[in-house]
Amino acid sequence: MLRHLTRARHIAPSFISRMCSSRSANVPNRVVLPSDVKPTHYRVRLEPDLEKFTFSGEVEISLDVATATNQVAVNILDLTIHSAEINGEKASESKHDGDAQSMTWTFPSQLVAGSQAKLKVAFDGTLNDQLAGFYRSVHKDENGKQQVVATTQMEATDCRRAFPCFDEPALKATFDIEMVADKKYTVLSNSDVKKTSELPSGKVLTQFNTTPKMSTYLVAFIVGELNYVESNDFRVPVRVYGTPGLEKKGQFSADLAAKTLKFFEETFGIEYPMPKCDMVGIHDFSAGAMENWGLITYRNVDVFFEEGVDSLSTKIRVAEVVQHELAHQWFGNLVTMEWWDGLWLNEGFATWMSWYSCNHFFPEWKVWESYVSKQLQGCLDLDGLRSSHPIQVPVKRADEIAQIFDAISYLKGSCVIKMISQFLGEDIFIKGIALYLKRHQYGNTTTDDLWNALAEVSGKDVKGQMDIWTRKVGYPLVTVEESGNELTLTQNRYLRTADVKPEENETVYPVVLGVRSANGKVDHTKVLSERTGKITIDGDFYKLNADQSSIYRVHYPTDRLLKLAEEGAKPHSRLSVEDRVGLVTDLGALAGAYVPTSQLLTLIWTWKNEQESTVWTSILSNIARIRQAWKFESAEVRDAFTKYREAVIVPMAKQVGHEFSASDSAQVASLKADLFAAAVGTGNKEFVDTALALYSKGVTNINANIRPTVFRAVAEYGTTAQWNELLEIYTSGAYGATGNEALSSLGSTKDMALRQKALDFILDGTVRTQDSYRAIGGVAHDAAGQELAWKWLQTKYDDLIKTFPPGLNLLSHIISSATAGFTKQEQLSDIEKFFSGRDLKGIDQALNIAKDRVRASINWLGKDAGDVKDWLVKHQFL
C-alpha cells in the first residue's frame, strides 16, 4: 500500500494470555488469535445494498484442527452475527471481545486434532463512510446525480469489517468470492469471473474463480457503475477502471502496467500468478493505492493521467505509484511478511522496485538523482528525531499498526535496499531477491529469510553487514578532522537537536564511506566499523558519501565545507548532482544544532547559479525550512529573509522562464516549475502579476506544471470571488488532479475568515475525508494560520476523532499540520497541556513526532536567531 503519508482500546491481560499463540512465542504479549485451528479456504458470499449502505453475508471457512478444542475464535469488527455453526452444529455460546476485535464461539462437540472442519457464519454489516473494510465511495456523475461504489480497503486489519476471518498476514488461505448485485453494476474481485447467473430477485450472482493462497488483507471486491480501458501488451488482460468518463484517463497506466508486469516477470523469473490485472480508481480512498492481488485500487489522482492536461509531476507520481503496486504483486502478495513488524519487507522493496523499474522505462527522468532528494532525505528527516523507530519495530496490537506505515518503513526501508544492492552489486542483488521470492512463494517470511537468500548468492555476510540498519533506530553523523592527508572520522548518532544521550549513542554502524577522490573515482571499500577510525586521501580534494549512497550525514571542518562549496559552484564540478544535493541537505540538517545557520545561507548564496533541478529542489526545501522556523520571529527579520529569498531565486527564475516546450527535458520542466513557484512565493510583483494574468486567461489555458502556483497566487492576492471559483474547481470534481491543486491553495488567502471557512470544510462534508490534510496544510503556512489551525483543532477535536477512524493516518496528518509548525516553548507547553490525559492510542507516535519538531525549532532559534540576523545585516538584507 502506498500511503500519502485507531480507535483507542484497552487490551485486558486475560485476553492477552489466551490470544498469544505459538506462532509468536518469541514476541511477548503479541495479540493474535489462538492457534487451535488454521484456515485453509474461504467461501464468501456478500450482497451489498448501495441505497441503504448495508450488506448481508455468509462465510464458510475450511479449517485444519491443530489442537483438540470446542472453541473457535475469529476476528470481527462492526458486524452483526446472526448464526454460527461448525460441521452443521450450532454454537452453544458466543463471546465478543470488542477490545481484541474478536468473537469466540463454543460448540457442544469437541473438534479432533488432525481433522478438518467447516465454520459457517451468517452476518450483516454497514457500507461505512470510514474508508475501511467494505465501504462506500460517493461521487456525483456528469449530471450531478449522486452515485455510489461499494469498495474495499482491508490493509492492515480491516478485512474483519467485511466478513469474519482470521485477520493475520501469516494465516493465508484460498478464497472463493461470490457477489450478489443489481445487473447494471460492474462486479470485480481478485480473480476472474467463473460464472454469472440471474437470481429470482432479478439480481445477478457473480462467482469468481478460486484465488491463490493469500493473506486476508489482500482480499478485494468492488460493486458499482464502472467503465474501463485496456492494454493487450501482456499475456493476461490489463485494465484500468473508473467511474464513467474517468476511465479515459487510464490508458497511460494500463500501458505502463502491461510493460511493468512483463519486466518484473523477466527480472524475478516468476510469472505473475493472477489471471488478470485490474486497476481501479476510487473517489474516496484513504491511501495512495492498495496492492490487492489482481484488483489494485487507487486514489483517482494516483492512477489517472491525461497528456497535455496534467503536469509532468503528476505523470511521474502516477508512474511511481503504479509500479509500486505492481512490485507488491511479488513483494507482499506472493511472499508476505510473517507479521507487521516486517512491513518493510513489503513496502521498502516495493518502493525501491518502483524506482528501479521507473529508471528502466523512463531513463530521461533521471530518477536516481531525485531519489536522493525525495527518498533518502525523507527518511533521514524523520529518523533524525528522538521519536523515530527502527525499521523493524515491535507491533503487538491492531491499533499500533497504522502508525508504522511511515517514512521509516517505506523510505528508510527502500534506502537500506539500495545500500544492499550497492554492497552486493545490482546483478547479484537481483539474483538474491529472485531466490528469496522463489523459495518462499505463497508463504511468509522474516528479515532473516531475506538475508539468507542474499548471502547464499553473494557469499557475503549480509546479515552481519545490514541487520543493524533494520533493527536499530537512527543513523550516524560522521565528523571529520583533517591533519594533512589523514582524516580522523568519528561516528555518533545524529539528532536534530544535537542532544544525544549516552544510552542513545551505543550503536556503532558499519558505514560504507564512499570516498570520492580528486580523479572523480569513488572508493567503496573503506568502512568505518568502529566509533573512530582513520583514512588517508590522495591530494587536496575529497567528498564523503559520494552520490549519497549510504545512510549517514557528514560534518566537515568549516574550511573543507568552503572548498566543497566553491567546487560545487564550478561549471564542470567534480561533485555529482547527488553530491551537491547531499551537501545542501546535510548542512541544512546540521544548521542550528551542529553548525551556524549562516553556513547554510552562505552555501545557498554561493550556489544561486546552479543549473540542476534536483539540486534546486534541495536548495528550495532548505530555504522553506528556515522560513517556517522563523515564521514567529520579528517582522523585520522575516522581511529581510524574504529579500534574501528573492535575491537567490528570482534571477534564476527569470533566466529559465516559465514557458514550456515539448522539447524540455524532465529536469528543465521541473526547474521552470519549481523556480516559478518559489519566485511567486517570495511575493515578487512581476511573478505574482504574471500568475494572476495567467489565471485570467482561463484554467484550461494554464500550463499544468505551474497551475498549482497560479492557484496559490490567486488565493493569496485575488478576490473573494476568485477564491470561490477555486473552491468550485475542487467541489465540482470535474478537473481531476486540478481539484486537489485548488483545494491546497485555499489556505493561502490573507483573509482569515476564508481560512476559517477552509478549515470548517473538513468537517462539514465539503472536503473529502481523504483530502483533509490538504486543506489544513494550506492554512497553517504562516504564523497566523498556524495559530488558527491549532485553535480549530482544539475546538473541533471531539468531532475529529469521530470522523477519522482507526486504521487511517489522516488524524495524525491533521495533528501534525496543526502543531508541528510551532517554534516557541509556550506553544509546546500548550500542546502538551491539551493532550494531557487524553487517550492517545493510534496517534501517540504522530504527536511525539510533532512535539519533537517543535523542540527542534525551539533549539534552532535559541542557538541561531542572532546568527541569522547578523548574516542578513552583514549582507545588507536587513
# chains A, B, ... in the order shown; residues from 1 in each chain; ligands from 1

call {"tool": "residues_around", "arguments": {"residues": "range 220-228 of chain A", "least_positions_apart": "5", "cutoff": "7 Å", "atoms": "only C-alpha atoms", "output": "ChimeraX atom specification"}}
result
/A:148-152,185-190,239-244,247,292,295

call {"tool": "select_by_dssp", "arguments": {"residues": "range 631-798 of chain A", "states": "helix (DSSP H, G or I)", "output": "VMD selection string"}}
result
chain A and resid 635 to 656 666 to 681 685 to 696 699 to 701 707 to 717 720 to 732 737 to 748 752 to 764 769 to 779 783 to 798

call {"tool": "write_last_selection", "arguments": {"atoms": "C-alpha atoms", "output": "tab-separated table (two decimals), in the first residue's frame"}}
result
chain	number	residue	atom	x	y	z
A	635	ALA	CA	8.62	41.24	11.02
A	636	GLU	CA	11.91	42.96	10.23
A	637	VAL	CA	13.84	39.68	10.22
A	638	ARG	CA	11.14	37.89	8.23
A	639	ASP	CA	11.10	40.72	5.68
A	640	ALA	CA	14.89	40.60	5.43
A	641	PHE	CA	14.80	36.86	4.83
A	642	THR	CA	12.19	37.40	2.11
A	643	LYS	CA	14.63	39.78	0.41
A	644	TYR	CA	17.30	37.09	0.64
A	645	ARG	CA	14.97	34.51	-0.87
A	646	GLU	CA	14.07	36.88	-3.67
A	647	ALA	CA	17.73	37.64	-4.40
A	648	VAL	CA	18.55	33.91	-4.57
A	649	ILE	CA	15.55	32.75	-6.55
A	650	VAL	CA	14.25	35.46	-8.88
A	651	PRO	CA	17.32	35.91	-11.14
A	652	MET	CA	17.44	32.20	-11.96
A	653	ALA	CA	13.65	32.06	-12.32
A	654	LYS	CA	13.87	34.84	-14.92
A	655	GLN	CA	16.74	33.09	-16.67
A	656	VAL	CA	14.93	29.75	-17.14
A	666	ALA	CA	12.08	16.46	-17.38
A	667	GLN	CA	14.80	18.31	-15.49
A	668	VAL	CA	14.26	21.58	-17.36
A	669	ALA	CA	10.47	21.39	-16.93
A	670	SER	CA	10.87	20.71	-13.20
A	671	LEU	CA	13.34	23.56	-12.82
A	672	LYS	CA	11.00	26.02	-14.53
A	673	ALA	CA	8.04	24.93	-12.41
A	674	ASP	CA	9.94	24.95	-9.11
A	675	LEU	CA	11.59	28.32	-9.62
A	676	PHE	CA	8.36	29.94	-10.83
A	677	ALA	CA	6.63	28.66	-7.68
A	678	ALA	CA	9.46	29.88	-5.46
A	679	ALA	CA	9.56	33.30	-7.12
A	680	VAL	CA	5.82	33.77	-6.69
A	681	GLY	CA	6.24	32.58	-3.10
A	685	LYS	CA	5.42	41.62	-8.02
A	686	GLU	CA	6.47	40.68	-11.53
A	687	PHE	CA	5.92	36.99	-10.94
A	688	VAL	CA	2.73	37.47	-8.93
A	689	ASP	CA	1.27	39.64	-11.70
A	690	THR	CA	2.25	37.00	-14.25
A	691	ALA	CA	0.45	34.30	-12.26
A	692	LEU	CA	-2.71	36.41	-11.93
A	693	ALA	CA	-2.64	37.20	-15.64
A	694	LEU	CA	-2.35	33.51	-16.50
A	695	TYR	CA	-5.42	32.74	-14.37
A	696	SER	CA	-7.42	35.44	-16.12
A	699	VAL	CA	-7.91	27.46	-16.08
A	700	THR	CA	-7.64	25.19	-19.10
A	701	ASN	CA	-5.08	27.54	-20.65
A	707	ARG	CA	-1.08	25.55	-12.32
A	708	PRO	CA	-0.71	24.89	-8.54
A	709	THR	CA	1.39	28.07	-8.25
A	710	VAL	CA	-1.12	30.12	-10.19
A	711	PHE	CA	-3.91	28.88	-7.92
A	712	ARG	CA	-1.96	29.79	-4.77
A	713	ALA	CA	-1.26	33.27	-6.16
A	714	VAL	CA	-4.95	33.78	-6.95
A	715	ALA	CA	-5.98	32.61	-3.47
A	716	GLU	CA	-3.45	34.93	-1.80
A	717	TYR	CA	-3.69	38.04	-3.98
A	720	THR	CA	-13.09	36.61	-2.77
A	721	ALA	CA	-14.98	35.76	-5.96
A	722	GLN	CA	-11.86	34.11	-7.36
A	723	TRP	CA	-11.35	32.20	-4.09
A	724	ASN	CA	-14.85	30.83	-4.51
A	725	GLU	CA	-14.00	29.87	-8.09
A	726	LEU	CA	-11.10	27.78	-6.76
A	727	LEU	CA	-13.46	26.15	-4.29
A	728	GLU	CA	-15.83	25.32	-7.13
A	729	ILE	CA	-12.98	23.71	-9.10
A	730	TYR	CA	-12.48	21.32	-6.18
A	731	THR	CA	-16.11	20.61	-5.32
A	732	SER	CA	-17.19	20.11	-8.94
A	737	ALA	CA	-5.87	16.44	-10.15
A	738	THR	CA	-6.62	20.11	-10.72
A	739	GLY	CA	-9.19	19.93	-7.94
A	740	ASN	CA	-6.58	18.90	-5.40
A	741	GLU	CA	-4.37	21.78	-6.50
A	742	ALA	CA	-7.28	24.18	-5.99
A	743	LEU	CA	-8.06	22.78	-2.54
A	744	SER	CA	-4.43	23.05	-1.44
A	745	SER	CA	-4.40	26.72	-2.46
A	746	LEU	CA	-7.43	27.86	-0.44
A	747	GLY	CA	-5.48	28.35	2.79
A	748	SER	CA	-3.10	30.77	1.08
A	752	MET	CA	-8.65	34.92	7.93
A	753	ALA	CA	-12.40	34.43	7.65
A	754	LEU	CA	-11.86	32.50	4.42
A	755	ARG	CA	-9.10	30.46	6.06
A	756	GLN	CA	-11.52	29.58	8.85
A	757	LYS	CA	-14.01	28.56	6.20
A	758	ALA	CA	-11.42	26.29	4.57
A	759	LEU	CA	-10.87	24.55	7.92
A	760	ASP	CA	-14.58	24.14	8.57
A	761	PHE	CA	-14.93	22.43	5.18
A	762	ILE	CA	-13.03	19.46	6.66
A	763	LEU	CA	-15.94	18.50	8.89
A	764	ASP	CA	-19.00	19.78	7.01
A	769	THR	CA	-12.08	12.78	4.22
A	770	GLN	CA	-9.01	11.73	2.25
A	771	ASP	CA	-8.22	15.36	1.32
A	772	SER	CA	-8.39	16.86	4.82
A	773	TYR	CA	-4.63	17.23	5.14
A	774	ARG	CA	-4.54	19.39	2.02
A	775	ALA	CA	-6.99	21.89	3.49
A	776	ILE	CA	-5.32	22.28	6.87
A	777	GLY	CA	-1.79	22.22	5.44
A	778	GLY	CA	-2.56	25.22	3.27
A	779	VAL	CA	-3.98	27.23	6.17
A	783	ALA	CA	2.17	32.27	11.88
A	784	ALA	CA	-1.44	33.48	11.82
A	785	GLY	CA	-2.59	30.36	10.01
A	786	GLN	CA	-0.69	28.07	12.36
A	787	GLU	CA	-2.40	29.61	15.37
A	788	LEU	CA	-5.78	29.44	13.64
A	789	ALA	CA	-5.32	25.76	12.75
A	790	TRP	CA	-4.31	24.89	16.32
A	791	LYS	CA	-7.29	26.73	17.79
A	792	TRP	CA	-9.59	24.97	15.33
A	793	LEU	CA	-8.17	21.56	16.21
A	794	GLN	CA	-8.75	22.15	19.92
A	795	THR	CA	-12.30	23.32	19.34
A	796	LYS	CA	-13.21	20.50	16.95
A	797	TYR	CA	-11.16	17.68	18.45
A	798	ASP	CA	-14.09	15.58	19.65

call {"tool": "residues_around", "arguments": {"residues": "range 214-217 of chain A", "least_positions_apart": "5", "cutoff": "12 Å", "atoms": "only C-alpha atoms", "output": "ChimeraX atom specification"}}
result
/A:1,39-42,44,75,132-134,152-176,190-191,273-274,290-294,329-330,332-340,441-444

call {"tool": "residues_around", "arguments": {"residues": "Thr602 in chain A", "least_positions_apart": "4", "cutoff": "9 Å", "atoms": "only C-alpha atoms", "output": "list in words"}}
result
Ala565, Thr597, Ser598, Thr606, Trp607 and Trp871 of chain A

call {"tool": "atom_distance", "arguments": {"atom1": "CA of Leu487 in chain A", "atom2": "CA of Thr536 in chain A"}}
result
6.1 Å

call {"tool": "select_by_dssp", "arguments": {"residues": "range 35-145 of chain A", "states": "strand (DSSP E)", "output": "ChimeraX atom specification"}}
result
/A:37-49,54-65,69-75,79-86,89-90,93-97,102-111,116-126,133-140

call {"tool": "residues_around", "arguments": {"residues": "range 47-54 of chain A", "least_positions_apart": "2", "cutoff": "6 Å", "atoms": "only C-alpha atoms", "output": "number ranges by chain"}}
result
A: 56, 125-127, 179-180

call {"tool": "write_last_selection", "arguments": {"atoms": "C-alpha atoms", "output": "mmCIF file, in the first residue's frame"}}
result
data_model
loop_
_atom_site.group_PDB
_atom_site.id
_atom_site.type_symbol
_atom_site.label_atom_id
_atom_site.label_comp_id
_atom_site.auth_asym_id
_atom_site.auth_seq_id
_atom_site.Cartn_x
_atom_site.Cartn_y
_atom_site.Cartn_z
ATOM 1 C CA SER A 56 -25.564 -9.122 4.189
ATOM 2 C CA GLY A 125 -22.698 -5.118 8.054
ATOM 3 C CA THR A 126 -22.661 -1.458 7.075
ATOM 4 C CA LEU A 127 -21.095 0.036 3.969
ATOM 5 C CA MET A 179 -21.254 -11.217 -5.004
ATOM 6 C CA VAL A 180 -24.972 -10.532 -5.473
#

call {"tool": "residues_around", "arguments": {"residues": "Phe305 in chain A", "least_positions_apart": "2", "cutoff": "7 Å", "atoms": "only C-alpha atoms", "output": "PyMOL selection string"}}
result
chain A and resi 249-250+252+303+307+310+315

call {"tool": "atom_distance", "arguments": {"atom1": "CA of Leu77 in chain A", "atom2": "CA of Gly98 in chain A"}}
result
7.8 Å

call {"tool": "closest_atom_pairs", "arguments": {"of": "range 359-466 of chain A", "to": "range 853-869 of chain A", "cutoff": "12 Å", "atoms": "only C-alpha atoms", "output": "tab-separated table"}}
result
residue	atom	partner	partner_atom	distance
A:Asp381	CA	A:Arg853	CA	10.1
A:Leu382	CA	A:Arg853	CA	9.4
A:Asp383	CA	A:Arg853	CA	11.7
A:Gly384	CA	A:Arg853	CA	10.0
A:Leu385	CA	A:Arg853	CA	7.6
A:Arg386	CA	A:Arg853	CA	9.6
A:Ser387	CA	A:Arg853	CA	9.6
A:Ser388	CA	A:Arg853	CA	11.4

call {"tool": "atom_distance", "arguments": {"atom1": "CA of Leu562 in chain A", "atom2": "CA of Gln599 in chain A"}}
result
8.9 Å

call {"tool": "residues_around", "arguments": {"residues": "Gly114 in chain A", "least_positions_apart": "2", "cutoff": "7 Å", "atoms": "only C-alpha atoms", "output": "list in words"}}
result
Asp64, Val65, Ala66, Val112 and Gln116 of chain A

call {"tool": "write_last_selection", "arguments": {"atoms": "C-alpha atoms", "output": "tab-separated table (two decimals), in the first residue's frame"}}
result
chain	number	residue	atom	x	y	z
A	64	ASP	CA	-7.38	-27.56	9.85
A	65	VAL	CA	-7.65	-28.52	13.52
A	66	ALA	CA	-4.22	-28.44	15.19
A	112	VAL	CA	-10.43	-33.65	16.97
A	116	GLN	CA	-10.83	-30.77	9.22

call {"tool": "closest_residue", "arguments": {"among": "A:Ile468, A:Val512, A:Met353, A:Ala820", "to": "Ile391 in chain A", "atoms": "only C-alpha atoms"}}
result
A:Ile468

call {"tool": "closest_residue", "arguments": {"among": "A:Val395, A:Leu131, A:Cys379, A:Val462", "to": "Arg299 in chain A", "atoms": "only C-alpha atoms"}}
result
A:Leu131
